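**Student:** Just dropping this structure here.
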Amino acid sequence: MTAELAERRDTLELPPRQPLTGRTCLVTGASRGIGRCIARELGRHGATVIVNYRSSEEAAHEVADTITEADFEGTAHPVQADVTDRDEIETMREAVHETFGPIDVLVNNAGITCDRPFQKMTVEDWHRVIDVSLHGTFNCTQTFYDDVKTVDHGRVINISSVIGKQGNVGQANYAAAKSGLFGFTRSLALELASTGTTANCIAPGFTHTEMVEALPDEIQDDLRAEIPLERFADTSEIAGLVRYLASEQSGYMTGEVIDINGGIDL
């Protein structure tokens, strides 16, 4: 066996390094739902995870404790900030930088719904949803832009929705906010391309979260009937895609809107 082959064999036999070891990931809206599962998945694969929350302090600490106390290589730390408040986001950046330095991965997950038929939708209903899902993404991305732009393998991952592509009755505000993330992501990807940093968007379909499970059984049945795979997504399936996009292996993918909806568009 040549020395070169021996070296290759020894390298292959080394214990695999977790793909996100040494990476700091900020997940907004990470105290529940898809955000909670994303935070756990990133921590499970070696990342230091900043668990952002607005008001659910106890839930955010539970997420962070679950990651830190588990047999994961990564760790987690809850940090409060309202994504609609630029001052709070900048304060969060200062706290993160003081302890961890610049972030490597930004996951813009925070979002809310305020459903109402369009004729009855108030200006407050409209702005509330737009401010969190779209304006909040702008705030966080611009505040941490220098971080993800200058680190090696910087990543911006925006969480949208199938509703942003197909619309939904009573969700004009939510559909507008989530579809706005498509154009935002593609424009950001073009501006960041020369630095090697990528920006991608995930558009999940209906997923097992508190929001969906609170719907009446008959509505859930109607929704499943529209899905070729005849089931809702598990949050872990969304989180697994985020983990891939956060890793170095996704470096040639940017500006994409990735559907994960059980085949709704087929």
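As shown in the structure tokens, the chain order sets the letters A, B, ...; within each chain, residues go from 1, and ligands are also counted from 1 in the order they appear.
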As a list of chain:residue names, please: the residues near A:Thr198 (cut-off 10 Å, only C-alpha atoms, same-chain neighbours under 4 positions excluded).

**Tutor:** A:Val105, A:Val148, A:Lys149, A:His153, A:Gly154, A:Arg155, A:Val156, A:Ile157, A:Thr185, A:Arg186, A:Leu188, A:Ala189, A:Leu190, A:Glu191, A:Leu192, A:Ala193, A:Ser194, A:Leu245, A:Ala246, A:Ser250, A:Gly251, A:Tyr252, A:Met253, A:Thr254, A:Gly255, A:Glu256

**Student:** Please produce an output containing N, CA and C atoms for each residue in the selection, written as a short mmCIF file (atom, residue, chain, number, x, y, z; two decimals), in the first residue's frame.

**Tutor:**
```
data_model
loop_
_atom_site.label_atom_id
_atom_site.label_comp_id
_atom_site.auth_asym_id
_atom_site.auth_seq_id
_atom_site.Cartn_x
_atom_site.Cartn_y
_atom_site.Cartn_z
N VAL A 105 -24.55 31.44 10.53
CA VAL A 105 -25.81 31.06 9.89
C VAL A 105 -26.95 31.84 10.52
N VAL A 148 -22.56 37.32 8.27
CA VAL A 148 -22.71 36.23 7.31
C VAL A 148 -21.96 36.52 6.01
N LYS A 149 -21.70 37.78 5.73
CA LYS A 149 -20.99 38.15 4.51
C LYS A 149 -19.49 37.85 4.62
N HIS A 153 -18.23 30.36 4.56
CA HIS A 153 -19.45 29.58 4.37
C HIS A 153 -20.64 30.19 5.10
N GLY A 154 -20.81 31.52 4.98
CA GLY A 154 -21.96 32.18 5.57
C GLY A 154 -23.26 31.71 4.92
N ARG A 155 -24.32 31.68 5.72
CA ARG A 155 -25.60 31.18 5.23
C ARG A 155 -26.75 32.05 5.75
N VAL A 156 -27.68 32.39 4.85
CA VAL A 156 -28.95 32.98 5.24
C VAL A 156 -30.04 32.02 4.76
N ILE A 157 -30.90 31.60 5.67
CA ILE A 157 -31.97 30.65 5.35
C ILE A 157 -33.29 31.26 5.80
N THR A 185 -35.04 36.79 -0.98
CA THR A 185 -33.98 35.78 -0.96
C THR A 185 -33.16 35.79 -2.24
N ARG A 186 -33.84 35.84 -3.37
CA ARG A 186 -33.13 35.80 -4.65
C ARG A 186 -32.26 37.04 -4.85
N LEU A 188 -30.99 38.90 -2.41
CA LEU A 188 -29.89 38.81 -1.45
C LEU A 188 -28.82 37.84 -1.95
N ALA A 189 -29.25 36.73 -2.54
CA ALA A 189 -28.30 35.74 -3.06
C ALA A 189 -27.39 36.35 -4.10
N LEU A 190 -27.95 37.18 -4.98
CA LEU A 190 -27.14 37.82 -6.02
C LEU A 190 -26.13 38.77 -5.42
N GLU A 191 -26.53 39.51 -4.40
CA GLU A 191 -25.62 40.48 -3.80
C GLU A 191 -24.51 39.81 -3.00
N LEU A 192 -24.80 38.63 -2.45
CA LEU A 192 -23.82 37.93 -1.61
C LEU A 192 -22.94 36.96 -2.40
N ALA A 193 -23.30 36.68 -3.65
CA ALA A 193 -22.64 35.60 -4.39
C ALA A 193 -21.13 35.76 -4.47
N SER A 194 -20.65 36.96 -4.66
CA SER A 194 -19.21 37.16 -4.83
C SER A 194 -18.43 36.87 -3.55
N LEU A 245 -28.77 23.05 4.42
CA LEU A 245 -28.47 24.37 3.87
C LEU A 245 -27.48 25.13 4.75
N ALA A 246 -27.46 24.82 6.04
CA ALA A 246 -26.52 25.49 6.95
C ALA A 246 -25.11 24.93 6.84
N SER A 250 -23.72 22.58 1.16
CA SER A 250 -24.73 23.26 0.33
C SER A 250 -24.16 24.46 -0.42
N GLY A 251 -22.84 24.59 -0.46
CA GLY A 251 -22.20 25.80 -0.95
C GLY A 251 -22.49 26.19 -2.38
N TYR A 252 -22.99 25.26 -3.21
CA TYR A 252 -23.27 25.61 -4.61
C TYR A 252 -24.75 25.85 -4.85
N MET A 253 -25.52 25.94 -3.78
CA MET A 253 -26.95 26.20 -3.89
C MET A 253 -27.24 27.58 -3.31
N THR A 254 -27.75 28.48 -4.13
CA THR A 254 -28.09 29.81 -3.63
C THR A 254 -29.20 30.41 -4.47
N GLY A 255 -30.00 31.26 -3.84
CA GLY A 255 -31.10 31.91 -4.53
C GLY A 255 -32.29 31.00 -4.79
N GLU A 256 -32.32 29.84 -4.14
CA GLU A 256 -33.37 28.87 -4.41
C GLU A 256 -34.55 29.01 -3.45
#
```

**Student:** Determine which residues of stretch 38-246 of chain A receive a DSSP assignment of alpha helix (DSSP H), computed from the backbone, and state them as JSON, numbers by chain.

**Tutor:** {"A": [38, 39, 40, 41, 42, 43, 44, 57, 58, 59, 60, 61, 62, 63, 64, 65, 66, 67, 68, 69, 86, 87, 88, 89, 90, 91, 92, 93, 94, 95, 96, 97, 98, 99, 100, 123, 124, 125, 126, 127, 128, 129, 130, 136, 137, 138, 139, 140, 141, 142, 143, 145, 146, 147, 148, 149, 150, 163, 164, 165, 166, 172, 173, 174, 175, 176, 177, 178, 179, 180, 181, 182, 183, 184, 185, 186, 187, 188, 189, 190, 191, 192, 210, 211, 212, 213, 217, 218, 219, 220, 221, 222, 223, 224, 225, 235, 236, 237, 238, 239, 240, 241, 242, 243, 244, 245, 246]}

**Student:** Which residue out of A:Arg116, A:Arg44, A:Gly29, A:Gly35 has the minimum interatomic distance to A:Glu57 when only C-alpha atoms are used?

**Tutor:**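 The shortest atom-to-atom distance to A:Glu57 comes from A:Gly29.
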
**Student:** Give the strand (DSSP E or B) residues of stretch 6-228 of chain A, as DSSP finds them on the backbone, and put them as a PyMOL selection string.

**Tutor:** chain A and resi 24-27+48-53+75-80+105-108+155-159+198-204+207

**Student:** Quick one: everything within 10 Å of A:Val169, counting only C-alpha atoms, minus sequence neighbours fewer than 4 positions away in the same chain. Send it as number ranges by chain.

**Tutor:** A: 115-118, 163, 175

**Student:** Of the residues A:Cys37, A:Leu134, A:Val129, A:Val27, which is the one nearest to A:Thr207, using only C-alpha atoms?

**Tutor:**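 The closest residue to A:Thr207 is A:Cys37.
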